[in-house]
Every structure is written in C-alpha cells, then in structure tokens.
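S.K.: Following this message is one structure expressed as structure tokens.
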Amino acid sequence: MRSPFLSSAVFIGIVALATPALAHAHLLRAVPAAGSTVKASPTELRLKFSEGLELAFSGVTVTGSDHAAIKIGAPSLDPADPAVLVVPLPGDLKPGRYAVDWHATATDTHKTKGRYDFTLTP
Amino acid sequence: MSVVAAALGLVEWLHVAAAMLLFGGEAFLAFLVPDGLAIRLARERRRLVGPAAALLGLTGFAWILFQAGLMAGDPAAMTDPATLATVLTGTAFGQAWLVHLGLVAILAGALVAQARCPVTAVLAGLALATIGLVGHATIHAGLLGLAHRANLILHLLLAGAWLGALVPLLGVMRCLAEPAQRSDAVVALRRFSSIGHGVVALVLVTGALNTVLVLGALLPDATSPYGRLLLGKVALVAAMVWIAVWNRYVLVPNLRATPAAAGSLHRLTALNVTIGGAVLLVSVVLGMTDPLPA
C-alpha cells in the first residue's frame with residue numbers, strides 16, 4: 001500500500017465494519033426461551049450462540065424436576081447458521097420444569113458452559 | 001486456569017517463539033546480510049537451528065494433545081485416539097493444524113538438509129503464518145473473517161521478522177569488532193535499520209487492527225482481564241520500540257567515535273530479545289482469555 005491515504009482509508013473501513021466479537025461462545029437466546037413457560041411439548045431445542053460451534057465438542061443435557069435425564073436425539077448445527085445448536089427431543093415431555101445444561105466449544109477452541117430452564121404447563 | 005490450560009499456554013509460547021526465531025533469523029540471513037558474513041553466521045547458528053526445529057515439532061505435536069484435553073474437558077482425552085482423531089479431522093482447529101504440522105515437517109527436513117537460507121526462510125514463514133489460522137481470528141465469518149486471518153498472519157510474520165532477526169543481529173554486532181568483517185557487518189546493520197522502521201511500524205498497525213477486530217474498539221477496557229493484559233503488552237512493546245529507537249539514533253551514530261557504544265548496543269539488543277519473549281507470553285495468554293466475558 002503506497003499511499004498513506006489508501007492505507008488509512010482501509011484501516012478506518014475495517015474499524016467501521018468491525019463488530020465486537022465475543023470470541024468465546026456465549027448463549028444469546030434459546031427456543032424454548034430461558035425462563036419461559038410453554039404450552040406444548042417442544043420437539044427440539046434451539047440454542048443460538050455468539051460464535052460458530054465445534055459440534056463434536058458441544059452438547060446439552062436436559063433434566064426434569066425429578067433430576068432424571070431426559071432422552072435427547074443427536075445434536076446438530078443449523079446448516080444455515082453454525083452458531084445454532086439443534087437438539088431433537090424425541091419423546092413427549094410431561095408437564096413440569098426442565099433444566100438445560102449446555103457446553104459449547106467455539107471454532108476458536110474456547111469452551112463455555114451454562115444452564116437455563118423452561119417450564120411446560122399445558 | 002487448569003493445569004492443562006497452563007500447559008497448553010507454555011506449549012503455545014515455545015512453539016510461536018521457535019517459529020519466529022527460525023523465520024526472522026533465516027530471513028535476516030537470506031535477504032539482509034552480505035553473503036560472506038551470512039555463511040559465517042549461518043555456521044554459528046547451526047547449534048541454535050537444530051534445537052529450535054526440534055522444539056517446533058515437539059510443541060506442535062503437544063499442542064494437539066493439550067488442545068484435545070481442553071476441548072473434551074477431560075485430561076484423559078489427551079491419550080484417547082478417538083478424541084484425537086475427532087479433534088484433527090472434525091474441527092476447524094484440527095484441519096488447520098494438520099496443514100501447519102505438514103509445513104513444520106517440510107521446514108525441519110529443509111533445515112536438516114541444510115537448504116539455502118532463502119528456502120528455509122520461506123518455509124519458516126509458511127509455518128509461522130499458518131499459526132494464524134487458529135484461535136481468535138476464526139471468530140468472524142465471511143470477508144471480515146478473511147481480513148482478520150490475513151491481518152493476524154501479517155502481524156505474526158512482521159513480529160517474527162523483527163524478533164527473530166535480533167538473534168543473528170547480535171552476531172553481526174560482535175563482528176563489528178573484527179576488521180575483516182566490519183564492512184559487511186555495517187552493511188547488514190544499515191539494511192536492518194532501514195527495513196526495520198517499516199516492519200516495526202506495520203507490527204504496531206496490524207496489532208492495533210487485531211485489537212479492533214477482536215474487541216470492536218481500539219482502546220482496551222482496563223477493568224477486564226483481557227484489557228489489562230493488553231495494556232501490559234502495549235507497555236512492553238513500547239519499551240521495545242524505545243530501545244530500538246535509542247539503538248538506532250543514539251548508539252549507532254556513535255559507534256565510530258565511542259567504542260563503548262558497541263557494547264551497549266549488544267546489551268540493549270539482547271534485552272529487547274528478552275522483552276520480546278515476554279511479549280509473546282502475554283500474547284499467548286491473551287489468545288486464551290475471553291475478550292468480553294459475559
């Protein structure tokens with residue numbers, strides 16, 4: 001880059017484009033939402049993170065009010081958005097409160113984990 | 001920080017340091033030192049190059065093991081072939097690292113075969129550059145992600161060119177005292193100085209750009225661990241730049257008139273190598289720290 005004007009313009013352009021990158025995968029939102037109450041048994045959980053995930057090292061466990069683990073299907077990443085973890089729930093859930101413990105590994109290899117819950121009341 | 005994370009940090013530090021030592025040193029000898037002096041310095045350097053290449057290979061391999069232990073959240077995974085296979089073939093880190101280790105192996109072969117400096121310099125540059133394919137630079141997708149990786153690779157290469165050149169530069173400074181080598185040594189010093197201005201300036205620009213790309217801001221937040229580490233790195237780099245400027249504009253012009261200036265130049269350059277090592281360590285810890293903790 002010979003011209004200082006050109007290099008400054010590129011620098012300012014990149015500064016303007018840059019949005020804060022969280023670098024570690026933080027949970028942005030989930031379906032069913034954290035703390036929400038739903039009427040119908042969900043067929044899947046969708047967890048939207050701030051970063052793309054490594055599927056092999058990301059996952060969830062779901063436990064009911066009796067602290068028993070709920071059977072879940074094999075997690076996958078949304079083909080349209082690698083920052084969304086999709087977890088099928090093959091069986092119907094009984095009414096009650098469910099805890100979702102998640103662990104996520106971002107593509108930068110950093111790990112995060114967390115927990116939220118939702119309630120099913122038909 | 002867990003024991004595995006601390007071990008990975010140590011491994012990363014040694015790996016990046018070895019790659020920079022090899023790239024900067026080989027590039028300096030290949031492109032800035034006149035042939036006669038370069039052959040002599042390359043001979044002196046053999047004791048350093050062999051262990052550095054061995055360290056690069058060993059730490060490159062150990063990096064995978066500790067990374068697998070961290071990703072699986074279980075130290076036992078470090079020796080589990082299935083987990084290691086998943087890390088190498090099923091993650092963005094593993095795929096980039098296989099390319100990197102392939103280049104490290106080719107570089108080691110070239111060094112063992114005592115290939116000419118331009119060849120080893122280019123291979124070491126490729127090995128150093130591919131370290132930029134993993135870590136925080138992978139967080140953006142699309143064009144911005146490409147720009148982030150390109151900027152980090154440029155930053156690694158420029159920092160490596162500076163830091164790695166300082167070691168054979170110490171040899172050049174010792175040759176100033178030998179009448180037979182003095183003219184070649186002065187030529188090498190002059191070339192290093194003129195190119196050094198641009199390299200150091202670009203190290204600072206690409207470093208600032210990397211901060212913007214990771215943080216979304218140029219100024220680090222002094223209340224977060226990442227921000228404090230970054231301010232520490234900036235202070236260390238400022239000390240290195242100050243020493244470089246002092247060497248160039250106070251000591252070098254005095255070399256002819258004051259014989260003691262050569263000793264000071266050698267000592268301050270050795271000090272800059274040490275500070276550079278500390279900068280690398282802080283950079284590695286930055287790479288493992290959450291820039292914006294929730």
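Naming scheme: A, B, ... for chains in displayed order of the structure tokens; residues 1 onward per chain; ligands 1 onward as shown.
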Skip Gly171 of chain B itself and residues of its chain fewer than 5 positions away, then list as a ChimeraX atom specification all residues within 12 Å of it, counting only C-alpha atoms.

M.R.: /B:25,28-29,33,37-38,40-45,165-166,176-178,181-182,185,188-189,265-266,269-270

S.K.: For the selection you just gave me, I'd like the residues written to a file as a CSV table (one decimal), in the first residue's frame, keeping C-alpha atoms.

M.R.:
```
chain,number,residue,atom,x,y,z
B,25,GLY,CA,16.7,-15.4,11.6
B,28,PHE,CA,17.6,-11.8,8.0
B,29,LEU,CA,20.5,-14.0,6.8
B,33,VAL,CA,23.3,-10.0,5.4
B,37,LEU,CA,29.1,-12.8,6.6
B,38,ALA,CA,25.8,-14.7,6.1
B,40,ARG,CA,29.7,-17.5,8.8
B,41,LEU,CA,26.7,-16.5,10.8
B,42,ALA,CA,24.7,-19.5,9.4
B,43,ARG,CA,27.5,-21.8,10.6
B,44,GLU,CA,27.4,-20.3,14.1
B,45,ARG,CA,23.6,-20.6,14.0
B,165,ALA,CA,16.3,-11.1,13.3
B,166,LEU,CA,17.5,-9.7,16.6
B,176,LEU,CA,31.9,-5.1,14.1
B,177,ALA,CA,35.0,-5.5,16.2
B,178,GLU,CA,36.7,-7.7,13.6
B,181,GLN,CA,34.1,-8.5,8.8
B,182,ARG,CA,33.4,-4.9,9.8
B,185,ALA,CA,28.6,-6.1,9.4
B,188,ALA,CA,23.8,-5.6,7.4
B,189,LEU,CA,23.2,-3.2,10.3
B,265,LEU,CA,24.2,-1.8,21.5
B,266,HIS,CA,24.8,-5.5,22.0
B,269,THR,CA,19.6,-5.7,21.7
B,270,ALA,CA,19.8,-8.8,24.0
```

S.K.: Find the residues near Leu53 of chain A: any atom within 12 Å, counting only C-alpha atoms, skip ones fewer than 5 places away on the same chain, and give them as an MDAnalysis selection string.

M.R.: (chainID A and resid 23:27 47:48 58:59 75:79 81:86 103:112) or (chainID B and resid 71 90:93 138:139)

S.K.: Mind listing the alpha helix (DSSP H) residues of chain A, per DSSP on the backbone, as a list in words?

M.R.: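 Filtering chain A to alpha helix (DSSP H) leaves Pro4, Phe5, Leu6, Ser7, Ser8, Ala9, Val10, Phe11, Ile12, Gly13, Ile14, Val15, Ala16 and Leu17 of chain A.
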
S.K.: From the list B:Leu157, B:Val122, B:Ala235, B:Leu133, which residue is nearest chain A when using only C-alpha atoms?

M.R.: B:Leu133

S.K.: Pick out the residues sitting within 12 Å of Arg248 of chain B, and hand them over as an NGL selection string; count only C-alpha atoms, and ignore anything fewer than 3 positions along from it in its own chain.

M.R.: :B and (189-194 or 196-197 or 241-245 or 251-255 or 261-262 or 264-265 or 268-269)
